[in-house]
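Source file work39.pdb; content: PDB, C-alpha atoms.
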```
ATOM      1  CA  PRO A 237     -36.956  29.850   6.225  1.00  0.00           C
ATOM      2  CA  ALA A 238     -38.667  32.168   8.684  1.00  0.00           C
ATOM      3  CA  CYS A 239     -36.786  34.780  10.692  1.00  0.00           C
ATOM      4  CA  ILE A 240     -38.037  35.450  14.217  1.00  0.00           C
ATOM      5  CA  ASN A 241     -36.846  38.761  15.678  1.00  0.00           C
ATOM      6  CA  LEU A 242     -37.397  39.628  19.334  1.00  0.00           C
ATOM      7  CA  PRO A 243     -36.558  43.353  19.278  1.00  0.00           C
ATOM      8  CA  GLU A 244     -34.931  44.827  22.386  1.00  0.00           C
ATOM      9  CA  LEU A 245     -34.844  41.399  24.015  1.00  0.00           C
ATOM     10  CA  PRO A 246     -33.026  42.602  27.187  1.00  0.00           C
ATOM     11  CA  LEU A 247     -35.804  45.150  27.706  1.00  0.00           C
ATOM     12  CA  GLN A 248     -38.444  42.480  27.121  1.00  0.00           C
ATOM     13  CA  ILE A 249     -36.748  40.302  29.747  1.00  0.00           C
ATOM     14  CA  LEU A 250     -36.704  43.226  32.178  1.00  0.00           C
ATOM     15  CA  PHE A 251     -40.417  43.883  31.703  1.00  0.00           C
ATOM     16  CA  ARG A 252     -41.283  40.214  32.232  1.00  0.00           C
ATOM     17  CA  ASP A 253     -39.828  40.574  35.744  1.00  0.00           C
ATOM     18  CA  LYS A 254     -40.983  44.155  36.325  1.00  0.00           C
ATOM     19  CA  PRO A 255     -44.117  44.818  34.209  1.00  0.00           C
ATOM     20  CA  GLN A 256     -44.915  47.904  36.299  1.00  0.00           C
ATOM     21  CA  TRP A 257     -41.875  49.618  34.736  1.00  0.00           C
ATOM     22  CA  LYS A 258     -43.338  49.657  31.221  1.00  0.00           C
ATOM     23  CA  GLU A 259     -45.081  53.011  31.639  1.00  0.00           C
ATOM     24  CA  VAL A 260     -42.263  54.826  33.476  1.00  0.00           C
ATOM     25  CA  PRO A 261     -38.736  55.726  32.282  1.00  0.00           C
ATOM     26  CA  ALA A 262     -36.823  52.424  32.394  1.00  0.00           C
ATOM     27  CA  ALA A 263     -33.585  51.029  31.021  1.00  0.00           C
ATOM     28  CA  VAL A 264     -31.287  48.018  30.992  1.00  0.00           C
ATOM     29  CA  VAL A 265     -27.768  48.917  32.146  1.00  0.00           C
ATOM     30  CA  THR A 266     -24.506  46.997  31.858  1.00  0.00           C
ATOM     31  CA  SER A 267     -23.965  47.353  35.621  1.00  0.00           C
ATOM     32  CA  ARG A 268     -25.227  49.489  38.520  1.00  0.00           C
ATOM     33  CA  ARG A 269     -22.043  51.573  38.560  1.00  0.00           C
ATOM     34  CA  PRO A 270     -22.254  55.269  37.553  1.00  0.00           C
ATOM     35  CA  LEU A 271     -20.025  54.790  34.495  1.00  0.00           C
ATOM     36  CA  ALA A 272     -22.029  51.824  33.203  1.00  0.00           C
ATOM     37  CA  ARG A 273     -23.711  52.183  29.815  1.00  0.00           C
ATOM     38  CA  ILE A 274     -27.400  52.250  28.916  1.00  0.00           C
ATOM     39  CA  GLU A 275     -27.939  49.089  26.880  1.00  0.00           C
ATOM     40  CA  ALA A 276     -31.656  49.422  26.108  1.00  0.00           C
ATOM     41  CA  LEU A 277     -34.448  51.802  27.086  1.00  0.00           C
ATOM     42  CA  ASN A 278     -38.169  52.332  26.643  1.00  0.00           C
ATOM     43  CA  ARG A 279     -40.012  55.259  25.037  1.00  0.00           C
ATOM     44  CA  PRO A 280     -40.672  57.219  28.266  1.00  0.00           C
ATOM     45  CA  ALA A 281     -36.913  57.191  28.918  1.00  0.00           C
ATOM     46  CA  ALA A 282     -36.114  58.204  25.332  1.00  0.00           C
ATOM     47  CA  ALA A 283     -38.594  61.102  25.602  1.00  0.00           C
ATOM     48  CA  LEU A 284     -36.411  62.515  28.401  1.00  0.00           C
ATOM     49  CA  GLY A 285     -33.337  62.582  26.152  1.00  0.00           C
ATOM     50  CA  ILE A 286     -31.789  59.353  27.430  1.00  0.00           C
ATOM     51  CA  ARG A 287     -30.006  57.408  24.704  1.00  0.00           C
ATOM     52  CA  ARG A 288     -28.487  53.974  24.180  1.00  0.00           C
ATOM     53  CA  GLY A 289     -24.768  54.018  25.067  1.00  0.00           C
ATOM     54  CA  MET A 290     -25.157  56.926  27.502  1.00  0.00           C
ATOM     55  CA  ARG A 291     -23.506  56.657  30.921  1.00  0.00           C
ATOM     56  CA  TYR A 292     -25.859  55.610  33.707  1.00  0.00           C
ATOM     57  CA  ALA A 293     -24.892  58.666  35.786  1.00  0.00           C
ATOM     58  CA  THR A 294     -25.653  60.974  32.846  1.00  0.00           C
ATOM     59  CA  ALA A 295     -29.036  59.326  32.370  1.00  0.00           C
ATOM     60  CA  LEU A 296     -29.850  59.826  36.062  1.00  0.00           C
ATOM     61  CA  SER A 297     -28.944  63.503  35.742  1.00  0.00           C
ATOM     62  CA  LEU A 298     -31.653  63.789  33.065  1.00  0.00           C
ATOM     63  CA  SER A 299     -34.237  61.980  35.193  1.00  0.00           C
ATOM     64  CA  SER A 300     -33.928  60.939  38.813  1.00  0.00           C
ATOM     65  CA  GLN A 301     -37.050  58.819  38.231  1.00  0.00           C
ATOM     66  CA  LEU A 302     -35.248  56.474  35.828  1.00  0.00           C
ATOM     67  CA  ARG A 303     -35.667  52.817  36.760  1.00  0.00           C
ATOM     68  CA  ALA A 304     -32.675  50.709  35.752  1.00  0.00           C
ATOM     69  CA  GLU A 305     -31.621  47.102  36.185  1.00  0.00           C
ATOM     70  CA  VAL A 306     -29.008  44.656  34.887  1.00  0.00           C
ATOM     71  CA  VAL A 307     -30.163  41.688  32.790  1.00  0.00           C
ATOM     72  CA  SER A 308     -27.645  38.923  33.463  1.00  0.00           C
ATOM     73  CA  ASN A 309     -26.197  36.497  30.937  1.00  0.00           C
ATOM     74  CA  GLU A 310     -27.889  33.679  32.840  1.00  0.00           C
ATOM     75  CA  GLN A 311     -31.286  35.353  32.404  1.00  0.00           C
ATOM     76  CA  ARG A 312     -30.652  35.812  28.690  1.00  0.00           C
ATOM     77  CA  LYS A 313     -29.617  32.190  28.184  1.00  0.00           C
ATOM     78  CA  GLU A 314     -32.643  30.961  30.109  1.00  0.00           C
ATOM     79  CA  VAL A 315     -35.040  33.104  28.074  1.00  0.00           C
ATOM     80  CA  ARG A 316     -33.464  32.121  24.745  1.00  0.00           C
ATOM     81  CA  ALA A 317     -33.761  28.449  25.715  1.00  0.00           C
ATOM     82  CA  HIS A 318     -37.426  29.031  26.596  1.00  0.00           C
ATOM     83  CA  ILE A 319     -38.063  30.755  23.257  1.00  0.00           C
ATOM     84  CA  SER A 320     -36.344  27.922  21.396  1.00  0.00           C
ATOM     85  CA  HIS A 321     -38.595  25.456  23.204  1.00  0.00           C
ATOM     86  CA  LEU A 322     -41.697  27.446  22.194  1.00  0.00           C
ATOM     87  CA  LEU A 323     -40.496  27.550  18.574  1.00  0.00           C
ATOM     88  CA  SER A 324     -39.992  23.777  18.584  1.00  0.00           C
ATOM     89  CA  SER A 325     -43.789  23.394  18.693  1.00  0.00           C
ATOM     90  CA  PHE A 326     -43.888  24.998  15.229  1.00  0.00           C
ATOM     91  CA  SER A 327     -40.864  23.432  13.507  1.00  0.00           C
ATOM     92  CA  PRO A 328     -38.271  20.734  14.198  1.00  0.00           C
ATOM     93  CA  GLU A 329     -35.439  22.884  12.778  1.00  0.00           C
ATOM     94  CA  ILE A 330     -34.426  25.994  14.728  1.00  0.00           C
ATOM     95  CA  GLU A 331     -31.161  27.893  14.302  1.00  0.00           C
ATOM     96  CA  GLU A 332     -30.036  30.539  16.780  1.00  0.00           C
ATOM     97  CA  CYS A 333     -28.211  33.464  15.200  1.00  0.00           C
ATOM     98  CA  SER A 334     -24.511  33.507  16.114  1.00  0.00           C
ATOM     99  CA  PHE A 335     -24.138  37.301  16.001  1.00  0.00           C
ATOM    100  CA  ASP A 336     -27.537  38.613  17.127  1.00  0.00           C
ATOM    101  CA  PRO A 337     -29.149  37.135  20.267  1.00  0.00           C
ATOM    102  CA  GLU A 338     -32.550  38.528  19.245  1.00  0.00           C
ATOM    103  CA  ILE A 339     -32.720  36.423  16.056  1.00  0.00           C
ATOM    104  CA  PHE A 340     -33.829  32.847  15.378  1.00  0.00           C
ATOM    105  CA  TRP A 341     -34.325  31.153  12.011  1.00  0.00           C
ATOM    106  CA  VAL A 342     -36.962  28.454  11.673  1.00  0.00           C
ATOM    107  CA  ASP A 343     -37.415  25.960   8.839  1.00  0.00           C
ATOM    108  CA  THR A 344     -40.975  26.087   7.468  1.00  0.00           C
ATOM    109  CA  ARG A 345     -40.656  23.316   4.898  1.00  0.00           C
ATOM    110  CA  GLY A 346     -43.204  20.521   5.102  1.00  0.00           C
ATOM    111  CA  LEU A 347     -45.552  22.317   7.484  1.00  0.00           C
ATOM    112  CA  LEU A 348     -48.472  23.031   5.155  1.00  0.00           C
ATOM    113  CA  PRO A 349     -50.217  19.731   5.912  1.00  0.00           C
ATOM    114  CA  LEU A 350     -50.481  21.028   9.494  1.00  0.00           C
ATOM    115  CA  PHE A 351     -51.150  24.701   8.719  1.00  0.00           C
ATOM    116  CA  SER A 352     -53.293  25.751   5.770  1.00  0.00           C
ATOM    117  CA  THR A 353     -50.905  28.558   4.739  1.00  0.00           C
ATOM    118  CA  ARG A 354     -47.536  29.963   5.776  1.00  0.00           C
ATOM    119  CA  LYS A 355     -49.412  33.101   6.859  1.00  0.00           C
ATOM    120  CA  GLU A 356     -51.536  31.079   9.275  1.00  0.00           C
ATOM    121  CA  TRP A 357     -48.381  29.397  10.615  1.00  0.00           C
ATOM    122  CA  ALA A 358     -46.698  32.766  11.191  1.00  0.00           C
ATOM    123  CA  HIS A 359     -49.676  34.390  12.897  1.00  0.00           C
ATOM    124  CA  ARG A 360     -50.250  31.396  15.152  1.00  0.00           C
ATOM    125  CA  LEU A 361     -46.575  31.477  16.113  1.00  0.00           C
ATOM    126  CA  LYS A 362     -46.768  35.205  16.821  1.00  0.00           C
ATOM    127  CA  ARG A 363     -49.834  34.685  19.038  1.00  0.00           C
ATOM    128  CA  ARG A 364     -48.111  31.867  20.915  1.00  0.00           C
ATOM    129  CA  LEU A 365     -45.068  33.986  21.670  1.00  0.00           C
ATOM    130  CA  SER A 366     -47.265  36.964  22.552  1.00  0.00           C
ATOM    131  CA  HIS A 367     -49.175  34.863  25.092  1.00  0.00           C
ATOM    132  CA  ALA A 368     -45.803  33.899  26.587  1.00  0.00           C
ATOM    133  CA  GLY A 369     -45.001  37.592  27.010  1.00  0.00           C
ATOM    134  CA  PHE A 370     -42.766  38.213  23.996  1.00  0.00           C
ATOM    135  CA  HIS A 371     -43.141  40.755  21.197  1.00  0.00           C
ATOM    136  CA  VAL A 372     -41.840  39.422  17.871  1.00  0.00           C
ATOM    137  CA  ASN A 373     -41.458  40.378  14.221  1.00  0.00           C
ATOM    138  CA  ILE A 374     -41.667  37.525  11.716  1.00  0.00           C
ATOM    139  CA  ALA A 375     -40.652  37.269   8.062  1.00  0.00           C
ATOM    140  CA  VAL A 376     -41.131  34.092   6.027  1.00  0.00           C
ATOM    141  CA  GLY A 377     -39.280  33.857   2.739  1.00  0.00           C
ATOM    142  CA  PHE A 378     -36.460  32.270   0.791  1.00  0.00           C
ATOM    143  CA  SER A 379     -33.151  33.224   2.402  1.00  0.00           C
ATOM    144  CA  ARG A 380     -31.581  33.870   5.779  1.00  0.00           C
ATOM    145  CA  PHE A 381     -30.605  37.416   4.913  1.00  0.00           C
ATOM    146  CA  GLY A 382     -33.825  38.445   3.160  1.00  0.00           C
ATOM    147  CA  THR A 383     -35.964  37.374   6.097  1.00  0.00           C
ATOM    148  CA  PHE A 384     -33.463  38.852   8.576  1.00  0.00           C
ATOM    149  CA  ALA A 385     -33.495  42.250   6.854  1.00  0.00           C
ATOM    150  CA  TRP A 386     -37.286  42.494   6.921  1.00  0.00           C
ATOM    151  CA  ALA A 387     -37.694  41.206  10.486  1.00  0.00           C
ATOM    152  CA  LYS A 388     -35.149  43.764  11.734  1.00  0.00           C
ATOM    153  CA  ARG A 389     -36.758  46.555   9.769  1.00  0.00           C
ATOM    154  CA  ARG A 390     -40.527  46.132  10.180  1.00  0.00           C
ATOM    155  CA  LYS A 391     -42.837  45.446  13.121  1.00  0.00           C
ATOM    156  CA  SER A 392     -45.140  43.042  11.383  1.00  0.00           C
ATOM    157  CA  VAL A 393     -45.605  39.595   9.909  1.00  0.00           C
ATOM    158  CA  ARG A 394     -44.453  39.436   6.290  1.00  0.00           C
ATOM    159  CA  ILE A 395     -44.831  36.477   3.938  1.00  0.00           C
ATOM    160  CA  PHE A 396     -42.776  36.673   0.741  1.00  0.00           C
ATOM    161  CA  GLU A 397     -44.451  34.790  -2.089  1.00  0.00           C
ATOM    162  CA  THR A 398     -41.477  34.820  -4.466  1.00  0.00           C
ATOM    163  CA  ALA A 399     -37.713  35.150  -4.156  1.00  0.00           C
ATOM    164  CA  GLN A 400     -37.830  38.281  -6.336  1.00  0.00           C
ATOM    165  CA  GLU A 401     -40.353  39.925  -4.028  1.00  0.00           C
ATOM    166  CA  GLU A 402     -38.031  39.249  -1.107  1.00  0.00           C
ATOM    167  CA  LYS A 403     -35.025  40.625  -2.998  1.00  0.00           C
ATOM    168  CA  ASP A 404     -36.881  43.798  -4.019  1.00  0.00           C
ATOM    169  CA  ALA A 405     -37.795  44.473  -0.379  1.00  0.00           C
ATOM    170  CA  THR A 406     -34.316  43.657   0.881  1.00  0.00           C
ATOM    171  CA  VAL A 407     -32.366  46.130  -1.278  1.00  0.00           C
ATOM    172  CA  GLU A 408     -34.267  49.036   0.329  1.00  0.00           C
ATOM    173  CA  THR A 409     -33.211  48.067   3.871  1.00  0.00           C
ATOM    174  CA  PRO A 410     -31.128  50.778   5.600  1.00  0.00           C
ATOM    175  CA  LEU A 411     -27.623  49.618   6.458  1.00  0.00           C
ATOM    176  CA  SER A 412     -28.170  50.747  10.057  1.00  0.00           C
ATOM    177  CA  HIS A 413     -30.227  47.550  10.552  1.00  0.00           C
ATOM    178  CA  LEU A 414     -27.216  45.346   9.768  1.00  0.00           C
ATOM    179  CA  PRO A 415     -24.722  44.284  12.466  1.00  0.00           C
ATOM    180  CA  PHE A 416     -21.915  46.664  11.474  1.00  0.00           C
ATOM    181  CA  PRO A 417     -19.604  47.977  14.215  1.00  0.00           C
ATOM    182  CA  PRO A 418     -20.284  51.729  14.649  1.00  0.00           C
ATOM    183  CA  GLN A 419     -16.959  52.796  13.153  1.00  0.00           C
ATOM    184  CA  VAL A 420     -17.490  50.618  10.060  1.00  0.00           C
ATOM    185  CA  LEU A 421     -21.035  51.919   9.582  1.00  0.00           C
ATOM    186  CA  GLU A 422     -19.729  55.500   9.787  1.00  0.00           C
ATOM    187  CA  LEU A 423     -17.104  54.727   7.130  1.00  0.00           C
ATOM    188  CA  ILE A 424     -19.735  53.158   4.866  1.00  0.00           C
ATOM    189  CA  GLU A 425     -22.038  56.166   5.197  1.00  0.00           C
ATOM    190  CA  ASN A 426     -19.109  58.475   4.441  1.00  0.00           C
ATOM    191  CA  LEU A 427     -18.827  56.615   1.124  1.00  0.00           C
ATOM    192  CA  GLY A 428     -22.447  57.540   0.363  1.00  0.00           C
ATOM    193  CA  LEU A 429     -23.834  54.043   0.948  1.00  0.00           C
ATOM    194  CA  TYR A 430     -27.112  53.887   2.880  1.00  0.00           C
ATOM    195  CA  THR A 431     -29.064  50.802   1.761  1.00  0.00           C
ATOM    196  CA  VAL A 432     -28.396  47.112   1.294  1.00  0.00           C
ATOM    197  CA  GLY A 433     -28.677  47.661  -2.446  1.00  0.00           C
ATOM    198  CA  ASP A 434     -25.898  50.276  -2.325  1.00  0.00           C
ATOM    199  CA  PHE A 435     -23.671  47.977  -0.290  1.00  0.00           C
ATOM    200  CA  THR A 436     -24.131  44.750  -2.260  1.00  0.00           C
ATOM    201  CA  ALA A 437     -23.528  46.593  -5.547  1.00  0.00           C
ATOM    202  CA  LEU A 438     -19.875  47.031  -4.515  1.00  0.00           C
ATOM    203  CA  PRO A 439     -17.343  44.571  -5.952  1.00  0.00           C
ATOM    204  CA  VAL A 440     -16.181  42.119  -3.301  1.00  0.00           C
ATOM    205  CA  GLY A 441     -12.575  43.287  -3.731  1.00  0.00           C
ATOM    206  CA  GLU A 442     -13.548  46.879  -2.893  1.00  0.00           C
ATOM    207  CA  VAL A 443     -15.328  45.732   0.254  1.00  0.00           C
ATOM    208  CA  ARG A 444     -12.291  43.744   1.352  1.00  0.00           C
ATOM    209  CA  LYS A 445      -9.824  46.565   0.628  1.00  0.00           C
ATOM    210  CA  ARG A 446     -11.781  49.620   1.792  1.00  0.00           C
ATOM    211  CA  LEU A 447     -14.040  48.313   4.571  1.00  0.00           C
ATOM    212  CA  GLY A 448     -12.193  45.393   6.164  1.00  0.00           C
ATOM    213  CA  ALA A 449     -12.912  41.864   7.313  1.00  0.00           C
ATOM    214  CA  GLU A 450     -15.988  42.616   9.444  1.00  0.00           C
ATOM    215  CA  ALA A 451     -17.765  44.342   6.570  1.00  0.00           C
ATOM    216  CA  LEU A 452     -16.732  41.517   4.245  1.00  0.00           C
ATOM    217  CA  GLU A 453     -18.453  38.937   6.484  1.00  0.00           C
ATOM    218  CA  ILE A 454     -21.672  40.960   6.379  1.00  0.00           C
ATOM    219  CA  TYR A 455     -21.287  41.336   2.607  1.00  0.00           C
ATOM    220  CA  TYR A 456     -21.126  37.535   2.233  1.00  0.00           C
ATOM    221  CA  PHE A 457     -24.186  37.246   4.492  1.00  0.00           C
ATOM    222  CA  ALA A 458     -26.101  39.871   2.480  1.00  0.00           C
ATOM    223  CA  THR A 459     -25.245  38.290  -0.864  1.00  0.00           C
ATOM    224  CA  ASP A 460     -25.964  34.779   0.470  1.00  0.00           C
ATOM    225  CA  THR A 461     -22.568  33.609  -0.797  1.00  0.00           C
ATOM    226  CA  GLU A 462     -22.446  30.435   1.291  1.00  0.00           C
ATOM    227  CA  ASN A 463     -26.159  29.551   0.926  1.00  0.00           C
ATOM    228  CA  LEU A 464     -26.032  26.940   3.697  1.00  0.00           C
ATOM    229  CA  PRO A 465     -29.147  25.112   4.906  1.00  0.00           C
ATOM    230  CA  LEU A 466     -30.419  25.931   8.388  1.00  0.00           C
ATOM    231  CA  GLN A 467     -28.133  24.579  11.097  1.00  0.00           C
ATOM    232  CA  GLY A 468     -30.724  23.345  13.573  1.00  0.00           C
ATOM    233  CA  ALA A 469     -29.735  21.927  16.951  1.00  0.00           C
ATOM    234  CA  ALA A 470     -29.827  18.145  17.230  1.00  0.00           C
TER     235      ALA A 470
END
```
What would you get if you wrote out this structure as structure tokens?
Amino acid sequence: PACINLPELPLQILFRDKPQWKEVPAAVVTSRRPLARIEALNRPAAALGIRRGMRYATALSLSSQLRAEVVSNEQRKEVRAHISHLLSSFSPEIEECSFDPEIFWVDTRGLLPLFSTRKEWAHRLKRRLSHAGFHVNIAVGFSRFGTFAWAKRRKSVRIFETAQEEKDATVETPLSHLPFPPQVLELIENLGLYTVGDFTALPVGEVRKRLGAEALEIYYFATDTENLPLQGAA
């Protein structure tokens, strides 16, 4: 499969509507109320000390020039449907990630008669999404998790030629790129675990007992326990 990651998708949606905000401090907020949280922000905002999760009022105290807007659930659904439509020009099988709205998996099997290489397919897809106004990272490989880990970690197109090559790259992925709740990630780091390789080396019983059900689900995902085919929409 191929993993398509649209990093900071709420911010990308904001900039599609307000492109003039790209070069000034800008953020997506959960609401316009003072106690709302900063959900996403650009580099000019980060350079002023504004951080994800910060209160909107606190962020404004750091910069009165901060531009902020809410990205509604309706906007997100509309954009994801548009992205899925664009992806359907490159594969008939597209699976939306259930836990990360920035992730799509795409089946690449059987496409080489249409594209000379998987690399050509990936770069043409990246150009198509770029022309539509979206920045994407793409990894093409052999498993959901292996492609997910690379696409979350690197801003590039990566084609894995063998399953071992994908596995070798995956074990180095920092655990901060995985969808752990903050308190679970803190517990894991307190145990001295920092990479996917550290985490998947644990016995499954230890994960269940010491880290809980949420970490266990991610462990199964990382070890590809279920190994299901892509679940594309009908």
Selection in question (the file shown): the PyMOL selection byres ((chain A and resi 271-283) around 10). Which residues does it include, as a PyMOL selection string? chain A and resi 244-248+257-270+284-295+298-299+301-307
Within 8 Å of Phe378 in chain A, counting all atoms listed in the file, which residues qualify if same-chain residues fewer than 6 places away don't, as an MDAnalysis selection string? chainID A and resid 237 396 398:399 402
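Among the candidates A:Thr436, A:Ser300, A:Gln467, A:Ser308, the one nearest to Ser334 in chain A when counting only C-alpha atoms is A:Gln467.
Take CA of Ala368 in chain A and CA of Val315 in chain A: the distance between them is 10.9 Å.
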As JSON, what would the box around range 406-420 of chain A look like: edges along x, y and z, 4 Å added on every side, centre and edge lengths in Å to one decimal?
```
{"center_x": -25.6, "center_y": 48.2, "center_z": 6.7, "size_x": 25.4, "size_y": 17.1, "size_z": 23.9}
```
Starting from the shown file, work through the PyMOL selection byres ((chain A and resi 339) around 9) and note down what comes out as a PyMOL selection string. chain A and resi 239-243+331-338+340-341+384+387-388
Contact residues around Ala238 in chain A with all atoms listed in the file at 9 Å, ignoring same-chain residues under 2 positions, as JSON, numbers by chain: {"A": [240, 340, 341, 342, 343, 344, 358, 374, 375, 376, 377, 378, 379, 380, 383, 384, 395]}
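The smallest atom-to-atom distance between Leu348 in chain A and any of A:Arg252, A:Leu429, A:Ala405, A:Phe326, using all atoms listed in the file, is found for A:Phe326.
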Skip range 450-462 of chain A itself and residues of its chain fewer than 4 positions away, then list as a PDB file with C-alpha atoms, in the coordinates of the input all residues within 9 Å of it, counting only C-alpha atoms.
```
ATOM      1  CA  SER A 379     -33.151  33.224   2.402  1.00  0.00           C
ATOM      2  CA  ARG A 380     -31.581  33.870   5.779  1.00  0.00           C
ATOM      3  CA  PHE A 381     -30.605  37.416   4.913  1.00  0.00           C
ATOM      4  CA  GLY A 382     -33.825  38.445   3.160  1.00  0.00           C
ATOM      5  CA  ALA A 385     -33.495  42.250   6.854  1.00  0.00           C
ATOM      6  CA  LEU A 414     -27.216  45.346   9.768  1.00  0.00           C
ATOM      7  CA  PRO A 415     -24.722  44.284  12.466  1.00  0.00           C
ATOM      8  CA  PHE A 416     -21.915  46.664  11.474  1.00  0.00           C
ATOM      9  CA  PRO A 417     -19.604  47.977  14.215  1.00  0.00           C
ATOM     10  CA  VAL A 420     -17.490  50.618  10.060  1.00  0.00           C
ATOM     11  CA  LEU A 421     -21.035  51.919   9.582  1.00  0.00           C
ATOM     12  CA  VAL A 432     -28.396  47.112   1.294  1.00  0.00           C
ATOM     13  CA  PHE A 435     -23.671  47.977  -0.290  1.00  0.00           C
ATOM     14  CA  THR A 436     -24.131  44.750  -2.260  1.00  0.00           C
ATOM     15  CA  VAL A 440     -16.181  42.119  -3.301  1.00  0.00           C
ATOM     16  CA  VAL A 443     -15.328  45.732   0.254  1.00  0.00           C
ATOM     17  CA  ARG A 444     -12.291  43.744   1.352  1.00  0.00           C
TER      18      ARG A 444
END
```
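If you look at CA of Gly441 in chain A and CA of Gln400 in chain A, they are 25.9 Å away from each other.
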Which of these residues is nearest to Asn426 in chain A, using only C-alpha atoms: A:Leu447, A:Val407, A:Leu361, A:Ile249? A:Leu447
Between CA of His318 in chain A and CA of Ser352 in chain A, what is the distance, to one decimal in Å? 26.4 Å
